[in-house]
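S.K.: Just so it is clear, I am handing over query_34.txt, which has compact mmCIF, C-alpha atoms.
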# COMPACT_ATOMS: atom_id res chain seq x y z
CA MET W 19 -6.83 -5.85 2.32
CA THR W 20 -4.53 -6.27 5.30
CA GLU W 21 -5.79 -8.54 8.04
CA PRO W 22 -7.56 -6.39 10.61
CA ALA W 23 -6.24 -6.63 14.16
CA VAL W 24 -9.68 -6.09 15.67
CA ASP W 25 -12.88 -8.00 15.06
CA GLU W 26 -14.19 -6.32 11.93
CA ASN W 27 -17.47 -8.24 12.01
CA ALA W 28 -18.20 -6.93 15.49
CA LEU W 29 -17.48 -3.38 14.35
CA VAL W 30 -19.81 -3.79 11.37
CA THR W 31 -22.59 -5.17 13.57
CA SER W 32 -22.14 -2.31 16.02
CA ALA W 33 -22.11 0.28 13.21
CA GLN W 34 -25.26 -1.28 11.73
CA SER W 35 -27.01 -0.51 14.99
CA GLY W 36 -25.99 3.15 14.67
CA CYS W 37 -22.64 3.34 16.51
CA LEU W 38 -20.56 6.03 14.81
CA THR W 39 -17.48 5.18 16.89
CA SER W 40 -17.44 1.69 15.42
CA PHE W 41 -17.90 3.12 11.96
CA GLU W 42 -14.96 5.45 12.56
CA SER W 43 -12.84 2.39 13.40
CA LEU W 44 -13.91 0.83 10.10
CA TYR W 45 -12.97 4.08 8.36
CA ARG W 46 -9.52 4.02 9.99
CA MET W 47 -9.01 0.43 8.83
CA HIS W 48 -10.05 0.99 5.22
CA SER W 49 -9.48 4.67 4.38
CA GLY W 50 -6.04 4.09 2.82
CA ARG W 51 -7.35 1.33 0.57
CA VAL W 52 -10.39 3.30 -0.56
CA HIS W 53 -8.40 6.50 -1.04
CA GLY W 54 -5.69 4.67 -3.01
CA LEU W 55 -8.33 3.24 -5.32
CA CYS W 56 -10.08 6.61 -5.79
CA LEU W 57 -6.76 8.37 -6.39
CA ARG W 58 -5.75 5.92 -9.11
CA LEU W 59 -9.17 5.89 -10.73
CA THR W 60 -9.41 9.68 -10.88
CA GLY W 61 -5.76 10.76 -11.15
CA ASN W 62 -6.73 13.78 -9.07
CA ALA W 63 -5.94 14.28 -5.37
CA ALA W 64 -8.87 16.59 -4.57
CA ALA W 65 -11.39 14.37 -6.38
CA ALA W 66 -9.95 11.31 -4.63
CA GLU W 67 -10.47 12.85 -1.19
CA ASP W 68 -14.00 13.89 -2.11
CA LEU W 69 -14.86 10.43 -3.44
CA THR W 70 -13.32 8.73 -0.42
CA GLN W 71 -15.63 10.76 1.79
CA GLU W 72 -18.57 9.99 -0.48
CA THR W 73 -17.78 6.28 -0.37
CA PHE W 74 -17.89 6.15 3.43
CA ILE W 75 -21.04 8.28 3.58
CA ARG W 76 -22.74 5.94 1.08
CA ALA W 77 -21.47 2.97 3.06
CA TRP W 78 -23.00 4.36 6.27
CA ARG W 79 -26.34 4.95 4.59
CA ASN W 80 -26.41 1.45 3.23
CA LEU W 81 -24.85 -0.51 6.05
CA GLY W 82 -28.22 -2.10 6.69
CA GLY W 83 -27.91 -3.84 3.34
CA PHE W 84 -24.49 -5.35 4.07
CA ARG W 85 -25.12 -9.02 4.75
CA GLY W 86 -21.54 -10.22 4.97
CA ASP W 87 -21.71 -12.26 1.75
CA SER W 88 -18.38 -10.66 0.83
CA SER W 89 -15.81 -8.99 3.05
CA PHE W 90 -16.55 -5.49 4.25
CA GLY W 91 -13.51 -4.30 2.27
CA SER W 92 -14.85 -5.82 -0.97
CA TRP W 93 -18.21 -4.20 -0.32
CA LEU W 94 -16.52 -0.82 0.19
CA PHE W 95 -14.46 -1.36 -2.96
CA ARG W 96 -17.64 -1.76 -4.99
CA ILE W 97 -19.21 1.34 -3.48
CA ALA W 98 -16.05 3.34 -4.26
CA VAL W 99 -16.00 2.20 -7.90
CA ASN W 100 -19.71 3.02 -8.22
CA ALA W 101 -19.10 6.48 -6.75
CA VAL W 102 -16.26 7.15 -9.19
CA ALA W 103 -18.30 5.77 -12.11
CA ALA W 104 -21.23 8.01 -11.17
CA ARG W 105 -18.96 11.07 -10.99
CA TYR W 106 -17.26 10.34 -14.30
CA ARG W 107 -20.24 8.80 -16.09
CA THR W 108 -20.12 11.27 -18.96
CA GLU W 109 -16.41 10.80 -19.54
CA LEU W 110 -16.69 7.03 -19.34
CA ARG W 111 -19.61 6.97 -21.79
CA ARG W 112 -17.71 9.20 -24.18
CA ALA W 113 -14.71 6.91 -23.85
CA ALA W 114 -16.94 3.92 -24.59
CA CYS W 115 -18.26 5.60 -27.73
CA GLU W 116 -14.71 6.28 -28.86
CA SER W 117 -13.45 2.80 -28.10
CA ASN W 118 -13.94 1.61 -31.67
CA ALA W 119 -12.31 4.65 -33.19
CA PRO W 120 -8.60 4.58 -33.99
CA ALA W 121 -6.65 4.99 -30.77
CA ARG W 122 -5.29 8.48 -30.24
CA SER W 123 -1.95 9.02 -28.60
CA VAL W 124 -1.73 11.11 -25.48
CA GLN W 125 0.55 14.06 -26.10
CA PHE W 126 3.68 13.75 -24.00
CA ASP W 127 7.36 14.50 -24.28
CA PRO W 128 9.05 11.25 -25.42
CA THR W 129 12.31 12.32 -23.73
CA LEU W 130 10.51 12.52 -20.40
CA ARG W 131 10.07 9.10 -18.82
CA LEU W 132 7.34 9.03 -16.21
CA ASP W 133 7.02 6.60 -13.37
CA LEU W 134 4.03 4.30 -13.61
CA GLN W 135 1.92 6.14 -11.06
CA GLU W 136 2.35 9.46 -12.85
CA ALA W 137 1.76 7.86 -16.21
CA ILE W 138 -1.51 6.26 -15.08
CA SER W 139 -2.79 9.65 -13.94
CA THR W 140 -2.30 11.06 -17.45
CA LEU W 141 -4.40 8.40 -19.18
CA PRO W 142 -7.85 9.25 -20.58
CA ALA W 143 -10.56 8.53 -18.00
CA GLY W 144 -11.94 5.35 -19.55
CA ALA W 145 -8.55 3.79 -20.24
CA ARG W 146 -7.32 4.74 -16.76
CA ALA W 147 -10.35 3.22 -15.02
CA VAL W 148 -10.09 -0.08 -16.88
CA PHE W 149 -6.30 -0.34 -16.44
CA VAL W 150 -6.53 0.34 -12.70
CA LEU W 151 -9.37 -2.12 -12.16
CA HIS W 152 -7.89 -4.87 -14.34
CA ASP W 153 -4.12 -4.64 -13.99
CA VAL W 154 -3.74 -3.05 -10.56
CA GLU W 155 -6.81 -4.39 -8.75
CA GLY W 156 -7.18 -7.71 -10.58
CA CYS W 157 -10.84 -7.39 -11.61
CA ARG W 158 -12.14 -9.37 -14.59
CA HIS W 159 -13.48 -7.65 -17.71
CA GLU W 160 -17.01 -8.84 -16.92
CA GLU W 161 -16.87 -7.21 -13.47
CA ILE W 162 -15.41 -4.00 -14.89
CA ALA W 163 -18.04 -3.84 -17.62
CA GLU W 164 -20.81 -4.20 -15.05
CA GLN W 165 -19.38 -1.64 -12.66
CA LEU W 166 -18.57 0.99 -15.27
CA GLY W 167 -21.69 0.37 -17.33
CA VAL W 168 -19.80 -0.47 -20.54
CA ALA W 169 -19.62 -3.54 -22.79
CA VAL W 170 -16.99 -6.24 -22.16
CA GLY W 171 -15.51 -5.51 -25.57
CA THR W 172 -15.17 -1.86 -24.61
CA SER W 173 -13.34 -2.83 -21.45
CA LYS W 174 -10.89 -4.94 -23.44
CA ALA W 175 -10.36 -2.21 -26.03
CA GLN W 176 -9.72 0.37 -23.30
CA LEU W 177 -7.24 -1.95 -21.59
CA HIS W 178 -5.34 -2.45 -24.82
CA HIS W 179 -5.30 1.31 -25.39
CA ALA W 180 -4.11 2.01 -21.83
CA ARG W 181 -1.32 -0.56 -21.93
CA ARG W 182 -0.03 0.76 -25.22
CA LEU W 183 -0.02 4.35 -23.98
CA LEU W 184 1.66 3.41 -20.72
CA ARG W 185 4.42 1.49 -22.44
CA GLU W 186 5.07 4.47 -24.69
CA MET W 187 5.30 6.69 -21.64
CA ILE W 188 7.41 4.63 -19.27
CA GLN W 189 9.47 2.22 -21.32
CA PRO W 190 12.52 3.22 -23.37
CA MET L 10 1.28 -16.45 -37.48
CA LYS L 11 2.06 -12.89 -38.60
CA CYS L 12 3.39 -10.10 -36.36
CA GLN L 13 0.18 -8.09 -36.74
CA THR L 14 -1.93 -11.04 -35.60
CA VAL L 15 0.36 -11.73 -32.65
CA GLN L 16 0.32 -8.11 -31.53
CA HIS L 17 -3.46 -8.17 -31.68
CA LEU L 18 -3.50 -11.25 -29.43
CA LEU L 19 -0.70 -10.17 -27.09
CA ASP L 20 -2.94 -8.74 -24.33
CA ASP L 21 -5.02 -11.90 -24.13
CA TYR L 22 -1.84 -14.01 -24.36
CA VAL L 23 -0.14 -12.43 -21.34
CA ASP L 24 -3.48 -12.45 -19.49
CA GLY L 25 -3.81 -16.19 -20.13
CA LEU L 26 -7.12 -15.75 -21.94
CA LEU L 27 -6.25 -17.45 -25.23
CA ILE L 28 -7.71 -20.89 -25.84
CA GLY L 29 -7.12 -23.84 -28.16
CA GLU L 30 -4.00 -23.71 -30.29
CA GLU L 31 -3.56 -19.95 -30.07
CA PRO L 32 -1.25 -19.80 -27.02
CA ALA L 33 1.17 -22.27 -28.62
CA LEU L 34 1.08 -20.44 -31.94
CA VAL L 35 1.81 -17.11 -30.27
CA ALA L 36 4.62 -18.65 -28.18
CA ARG L 37 6.18 -20.15 -31.29
CA HIS L 38 6.08 -16.78 -33.04
CA LEU L 39 7.59 -15.00 -30.03
CA ALA L 40 10.47 -17.49 -29.97
CA SER L 41 11.39 -16.55 -33.51
CA CYS L 42 10.52 -12.82 -33.66
CA PRO L 43 12.69 -10.46 -31.54
CA ASP L 44 10.38 -7.47 -32.13
CA CYS L 45 7.25 -9.22 -30.90
CA ALA L 46 9.20 -10.87 -28.08
CA ARG L 47 10.38 -7.44 -26.93
CA GLN L 48 6.81 -6.18 -26.94
CA ALA L 49 5.63 -9.18 -24.96
CA ASN L 50 8.41 -8.69 -22.40
CA GLY L 51 7.58 -4.98 -22.15
CA LEU L 52 3.96 -5.83 -21.51
CA ARG L 53 4.88 -8.34 -18.79
CA GLU L 54 7.13 -5.77 -17.11
CA LEU L 55 4.32 -3.24 -17.17
CA LEU L 56 1.92 -5.71 -15.57
CA GLN L 57 4.45 -6.66 -12.89
CA SER L 58 4.97 -2.98 -12.08
CA ALA L 59 1.21 -2.42 -11.92
CA LYS L 60 0.72 -5.33 -9.52
CA ALA L 61 3.54 -4.02 -7.33
CA LEU L 62 1.95 -0.59 -6.85
CA PRO L 63 0.92 0.05 -3.24
CA ARG L 64 -2.81 -0.43 -2.71
CA HIS L 65 -3.00 1.70 0.43
CA ILE L 66 -2.45 5.42 -0.03
CA GLU L 67 -3.50 7.41 3.00
CA PRO L 68 -5.11 10.79 2.26
CA HIS L 69 -3.00 13.84 3.13
CA ARG L 70 -5.55 14.93 5.73
CA ASP L 71 -7.95 13.21 8.06
CA LEU L 72 -11.24 12.89 6.16
CA TRP L 73 -13.21 11.51 9.09
CA PRO L 74 -14.44 14.89 10.48
CA GLY L 75 -16.04 15.67 7.11
CA ILE L 76 -17.61 12.21 6.88
CA ARG L 77 -18.92 12.41 10.42
CA GLY L 78 -20.31 15.88 9.74
CA GLN L 79 -22.22 14.65 6.69
CA ILE L 80 -23.60 11.67 8.57
CA GLU L 81 -24.71 13.79 11.50
CA LYS L 82 -26.38 16.34 9.23
CA GLY L 83 -28.28 13.52 7.59
CA SER L 84 -27.36 12.01 4.27
CA LYS L 85 -27.06 14.18 1.20
CA ARG L 86 -29.59 12.00 -0.57
CA ARG L 87 -32.13 12.42 2.17
CA ILE L 88 -31.56 16.16 2.07
CA SER L 89 -31.95 16.22 -1.71
CA ARG L 90 -35.09 14.09 -1.46
CA ALA L 91 -36.47 16.44 1.17
CA GLY L 92 -35.60 19.36 -1.11
CA ARG L 93 -37.25 17.66 -4.05
CA PHE L 94 -40.53 17.19 -2.24
CA THR L 95 -40.43 20.64 -0.70
CA VAL L 96 -40.19 22.12 -4.20
CA LEU L 97 -42.93 19.81 -5.40
CA ALA L 98 -45.13 20.82 -2.51
CA LEU L 99 -44.70 24.47 -3.50
CA ALA L 100 -45.36 23.70 -7.19
CA ALA L 101 -48.43 21.68 -6.31
CA ALA L 102 -49.69 24.47 -4.06
CA VAL L 103 -49.28 27.00 -6.88
CA LEU L 104 -51.18 24.71 -9.24
CA ALA L 105 -53.96 24.25 -6.72
CA ILE L 106 -54.34 27.99 -6.22
CA LEU L 107 -54.39 28.67 -9.96
CA ALA L 108 -56.93 25.92 -10.44
CA GLY L 109 -59.24 27.76 -8.07
CA SER L 110 -58.27 25.68 -5.08
CA LEU L 111 -60.24 22.82 -6.52
CA LEU L 112 -57.88 20.37 -5.05
CA MET L 113 -56.80 19.88 -1.52
CA LEU L 114 -53.42 18.44 -2.21
CA ASP L 115 -51.83 16.15 0.28
CA HIS L 116 -48.53 17.97 0.35
CA PRO L 117 -45.53 15.73 0.37
CA ARG L 118 -43.87 15.79 3.74
CA PRO L 119 -40.22 16.83 3.86
CA LEU L 120 -38.21 14.09 5.40
CA ASN L 121 -37.17 14.49 8.98
CA PRO L 122 -34.13 16.79 8.90
CA GLY L 123 -32.98 15.63 12.32
CA LEU L 124 -31.65 12.29 11.19
CA ALA L 125 -28.39 12.61 13.04
CA ALA L 126 -26.56 9.32 13.21
CA GLU L 127 -29.69 7.24 12.78
CA ALA L 128 -29.16 3.54 12.25
CA PRO L 129 -28.60 2.69 8.59
CA VAL L 130 -31.41 1.00 6.67
CA ARG L 131 -31.39 -1.44 3.78
CA LEU L 132 -31.28 0.14 0.35
CA GLU L 133 -34.12 -2.11 -0.77
CA GLN L 134 -36.37 -0.44 1.81
CA GLU L 135 -35.26 3.00 0.66
CA VAL L 136 -36.20 2.07 -2.91
CA LEU L 137 -39.74 1.26 -1.75
CA VAL L 138 -39.96 4.60 0.06
CA VAL L 139 -38.75 6.73 -2.87
CA GLU L 140 -40.99 4.79 -5.28
CA ALA L 141 -44.04 5.44 -3.12
CA GLU L 142 -43.15 9.13 -2.76
CA TYR L 143 -42.57 9.44 -6.50
CA GLN L 144 -45.86 7.76 -7.45
CA ARG L 145 -47.80 9.93 -5.01
CA ALA L 146 -46.15 13.19 -6.17
CA ARG L 147 -46.75 12.25 -9.81
CA ARG L 148 -50.41 11.38 -9.21
CA GLU L 149 -50.96 14.70 -7.45
CA LEU L 150 -49.30 16.73 -10.18
CA VAL L 151 -51.26 14.97 -12.92
CA ALA L 152 -54.52 15.42 -10.99
CA ALA L 153 -53.76 19.12 -10.47
CA MET L 154 -53.09 19.63 -14.16
CA ASP L 155 -56.31 17.83 -15.14
CA GLN L 156 -58.19 20.63 -13.37
CA LEU L 157 -56.51 23.31 -15.50
CA PRO L 158 -57.67 24.51 -18.90
CA ARG L 159 -55.71 23.02 -21.81
CA ARG L 160 -53.59 25.96 -22.96
CA LEU L 161 -50.57 24.17 -24.30
CA ALA L 162 -50.05 24.08 -28.04
CA PRO L 163 -50.38 20.49 -29.33
CA GLU L 164 -46.79 20.47 -30.58
CA THR L 165 -45.49 21.59 -27.18
CA ARG L 166 -47.52 18.88 -25.47
CA THR L 167 -46.12 16.33 -27.94
CA VAL L 168 -42.54 17.33 -27.12
CA ILE L 169 -43.21 17.09 -23.38
CA ASP L 170 -44.95 13.72 -23.77
CA GLN L 171 -42.07 12.37 -25.84
CA ASN L 172 -39.55 13.47 -23.22
CA LEU L 173 -41.65 11.97 -20.44
CA ALA L 174 -41.81 8.69 -22.37
CA VAL L 175 -38.01 8.61 -22.68
CA ILE L 176 -37.59 9.28 -18.96
CA ASP L 177 -40.25 6.68 -18.07
CA GLY L 178 -38.39 4.16 -20.22
CA ALA L 179 -35.17 4.88 -18.34
CA ILE L 180 -36.98 4.51 -15.01
CA GLN L 181 -38.35 1.12 -16.10
CA GLU L 182 -34.88 -0.08 -17.10
CA ILE L 183 -33.36 1.05 -13.81
CA ARG L 184 -36.18 -0.62 -11.85
CA ALA L 185 -35.54 -3.88 -13.70
CA SER L 186 -31.82 -3.64 -12.94
CA LEU L 187 -32.54 -2.86 -9.29
CA GLU L 188 -34.71 -5.95 -9.01
CA LYS L 189 -31.68 -8.01 -10.01
CA ASP L 190 -29.27 -6.01 -7.86
CA PRO L 191 -31.34 -4.43 -5.08
CA GLU L 192 -28.41 -3.08 -3.05
CA ASN L 193 -26.72 -1.24 -5.94
CA VAL L 194 -26.31 2.35 -4.71
CA PHE L 195 -25.38 3.57 -8.17
CA LEU L 196 -28.66 2.30 -9.62
CA PHE L 197 -30.57 3.77 -6.71
CA ASP L 198 -29.06 7.21 -7.33
CA MET L 199 -29.90 6.92 -11.03
CA LEU L 200 -33.51 6.00 -10.18
CA VAL L 201 -33.91 9.04 -7.92
CA ALA L 202 -32.31 11.32 -10.55
CA GLU L 203 -34.64 10.07 -13.32
CA GLN L 204 -37.69 10.38 -11.07
CA ASP L 205 -36.63 13.96 -10.30
CA ARG L 206 -36.40 14.70 -14.03
CA SER L 207 -39.85 13.26 -14.62
CA LEU L 208 -41.41 15.29 -11.82
CA GLN L 209 -39.61 18.47 -12.85
CA LEU L 210 -40.91 18.08 -16.40
CA LEU L 211 -44.46 17.51 -15.15
CA GLY L 212 -44.12 20.52 -12.87
CA LEU L 213 -42.85 22.61 -15.78
CA GLU L 214 -45.79 21.49 -17.92
CA GLY L 215 -48.14 22.46 -15.14
CA ALA L 216 -46.50 25.85 -14.71
CA ILE L 217 -46.70 26.56 -18.46
CA THR L 218 -50.31 25.39 -18.62
CA SER L 219 -51.27 27.66 -15.76
CA ASN L 220 -49.35 30.61 -17.23
CA THR L 221 -47.06 30.88 -14.26
CA TRP L 222 -43.96 30.27 -16.39
The structure in this file should be written as structure tokens.

M.R.:
Amino acid sequence: MTEPAVDENALVTSAQSGCLTSFESLYRMHSGRVHGLCLRLTGNAAAAEDLTQETFIRAWRNLGGFRGDSSFGSWLFRIAVNAVAARYRTELRRAACESNAPARSVQFDPTLRLDLQEAISTLPAGARAVFVLHDVEGCRHEEIAEQLGVAVGTSKAQLHHARRLLREMIQP
Amino acid sequence: MKCQTVQHLLDDYVDGLLIGEEPALVARHLASCPDCARQANGLRELLQSAKALPRHIEPHRDLWPGIRGQIEKGSKRRISRAGRFTVLALAAAVLAILAGSLLMLDHPRPLNPGLAAEAPVRLEQEVLVVEAEYQRARRELVAAMDQLPRRLAPETRTVIDQNLAVIDGAIQEIRASLEKDPENVFLFDMLVAEQDRSLQLLGLEGAITSNTW
């Protein structure tokens, strides 16, 4: 998160008392971060916009429970991941069930080299979510497992699968 | 160490998760094996590229008007909860009529639709509210059905009871998880969804029993 120029704590306190203007300021400060996360996790622009909206609506509903133990940005991050996990629960569970099966290759043209962002968006849902959370966002496997509702071993297997697919797609 | 073993350990090696002698053994192999070394370098390049990706990606349009609209209309969950209890009130009323109006049901009250921009509340408090509403709705449905003649075939009742037991088990697990993590919105949504399923199944059983299905 970039360092906010205004007093974020004061905005949170004001929003907790029902001030929508303060909450809009918090949205303006964090929308790019939340949207970037949702876009990478889903690989879909329309779904990312929808989940960004859902994240802030959930955040508003639950602002009363924000105690400041973590930063507001970290709290939002968790809500966003939960929202994505809820939306893609079926896909993630299916991916978890398949994690012990032999890894399948994604069909792509080997002569076409994608940039990393494009390549991430073509990954299967489970592999994409774990790669984004671990290698882009820096989460630990234990955190990912808890947030996505999968086993730690599944998270590791999905990461291995994602890295292998990505290297096939982007590296000569 | 063989190539196959090293490739199996490569993710943990570049992530710094290997312990004991393993990191040194992998490093020694990489120093003498160009193929594995190339794979390790490729993996490091991938991870560097991933870390360098921009974290902030602004949406193509301003999403705030939609967010504000949803907040001012009242939250979707509150609306769905209000919808749930409105449907239950109707189902309960039907059951009461078919049971000869033996019961004066205390109809669940739809939640206040005019919740525009109310101050947020703690999720823990919302859990208590939905639990109380769920228990009350369930008690009323069960009481209504007890007044009806038993028309369901035993095998049908068994199937319904088995499904209710599965849903009740899920509810118990979610409650236990919520006790450990009381502000987890995901768990809260799961709890409400499972409670809805339980009530819908009870309502369906009641409708079948009373021949309204």

S.K.: Find the residue from W:Leu81, W:Ala28, W:Val148, W:Leu69 that sits nearest to chain L; use all atoms listed in the file when measuring.

M.R.: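 Smallest separation from chain L among the options: W:Leu81.
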
S.K.: Kindly indicate which residue among W:Arg85, W:His159, W:Arg146, W:Arg79 lies nearest to chain L, using all atoms listed in the file for the distances.

M.R.: W:Arg79

S.K.: Find the residues around Arg77 of chain L up to 9 Å (only C-alpha atoms counted), leave out those fewer than 5 positions away in its own chain, and share them as an mmCIF file with C-alpha atoms, in the frame of the given file.

M.R.:
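What landed in result_4.cif:
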data_model
loop_
_atom_site.group_PDB
_atom_site.id
_atom_site.type_symbol
_atom_site.label_atom_id
_atom_site.label_comp_id
_atom_site.auth_asym_id
_atom_site.auth_seq_id
_atom_site.Cartn_x
_atom_site.Cartn_y
_atom_site.Cartn_z
ATOM 1 C CA LEU W 38 -20.560 6.030 14.810
ATOM 2 C CA GLU W 42 -14.960 5.450 12.560
ATOM 3 C CA ILE W 75 -21.040 8.280 3.580
ATOM 4 C CA LEU L 72 -11.240 12.890 6.160
ATOM 5 C CA LYS L 82 -26.380 16.340 9.230
ATOM 6 C CA ALA L 126 -26.560 9.320 13.210
#

S.K.: At what distance in Å, to one decimal, does atom CA of Met10 of chain L lie from atom CA of Arg185 of chain W?

M.R.: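 Taking atom CA of Arg185 of chain W and atom CA of Met10 of chain L, their separation equals 23.6 Å.
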
S.K.: Between atom CA of Ile176 of chain L and atom CA of Ala141 of chain L, measure the distance and give it in Å to one decimal.

M.R.: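 Taking atom CA of Ile176 of chain L and atom CA of Ala141 of chain L, their separation equals 17.5 Å.
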
S.K.: Taking 5 positions as the minimum chain separation for residues in the same chain, which residues sit within 6 Å of segment 90-107 of chain W when counting all atoms listed in the file? Answer as an MDAnalysis selection string.

M.R.: (chainID W and resid 73 166) or (chainID L and resid 195)

S.K.: Mind pulling up the distance from atom CA of Gln176 of chain W to atom CA of Ala145 of chain W?

M.R.: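 According to the coordinates, atom CA of Ala145 of chain W and atom CA of Gln176 of chain W are separated by 4.7 Å.
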
S.K.: Please work out which residues fall within 12 Å of (-18.3, -4.6, 5.4), coordinates as given in the file, with all atoms listed in the file counting, and return them as a ChimeraX atom specification.

M.R.: /W:19,25-34,40-41,43-45,47-48,74,77-78,80-97

S.K.: Grab the residues selected above and save them as a compact mmCIF listing (two decimals), in the frame of the given file with C-alpha atoms.

M.R.:
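Here's the written file selection20.txt:
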# COMPACT_ATOMS: atom_id res chain seq x y z
CA MET W 19 -6.83 -5.85 2.32
CA ASP W 25 -12.88 -8.00 15.06
CA GLU W 26 -14.19 -6.32 11.93
CA ASN W 27 -17.47 -8.24 12.01
CA ALA W 28 -18.20 -6.93 15.49
CA LEU W 29 -17.48 -3.38 14.35
CA VAL W 30 -19.81 -3.79 11.37
CA THR W 31 -22.59 -5.17 13.57
CA SER W 32 -22.14 -2.31 16.02
CA ALA W 33 -22.11 0.28 13.21
CA GLN W 34 -25.26 -1.28 11.73
CA SER W 40 -17.44 1.69 15.42
CA PHE W 41 -17.90 3.12 11.96
CA SER W 43 -12.84 2.39 13.40
CA LEU W 44 -13.91 0.83 10.10
CA TYR W 45 -12.97 4.08 8.36
CA MET W 47 -9.01 0.43 8.83
CA HIS W 48 -10.05 0.99 5.22
CA PHE W 74 -17.89 6.15 3.43
CA ALA W 77 -21.47 2.97 3.06
CA TRP W 78 -23.00 4.36 6.27
CA ASN W 80 -26.41 1.45 3.23
CA LEU W 81 -24.85 -0.51 6.05
CA GLY W 82 -28.22 -2.10 6.69
CA GLY W 83 -27.91 -3.84 3.34
CA PHE W 84 -24.49 -5.35 4.07
CA ARG W 85 -25.12 -9.02 4.75
CA GLY W 86 -21.54 -10.22 4.97
CA ASP W 87 -21.71 -12.26 1.75
CA SER W 88 -18.38 -10.66 0.83
CA SER W 89 -15.81 -8.99 3.05
CA PHE W 90 -16.55 -5.49 4.25
CA GLY W 91 -13.51 -4.30 2.27
CA SER W 92 -14.85 -5.82 -0.97
CA TRP W 93 -18.21 -4.20 -0.32
CA LEU W 94 -16.52 -0.82 0.19
CA PHE W 95 -14.46 -1.36 -2.96
CA ARG W 96 -17.64 -1.76 -4.99
CA ILE W 97 -19.21 1.34 -3.48
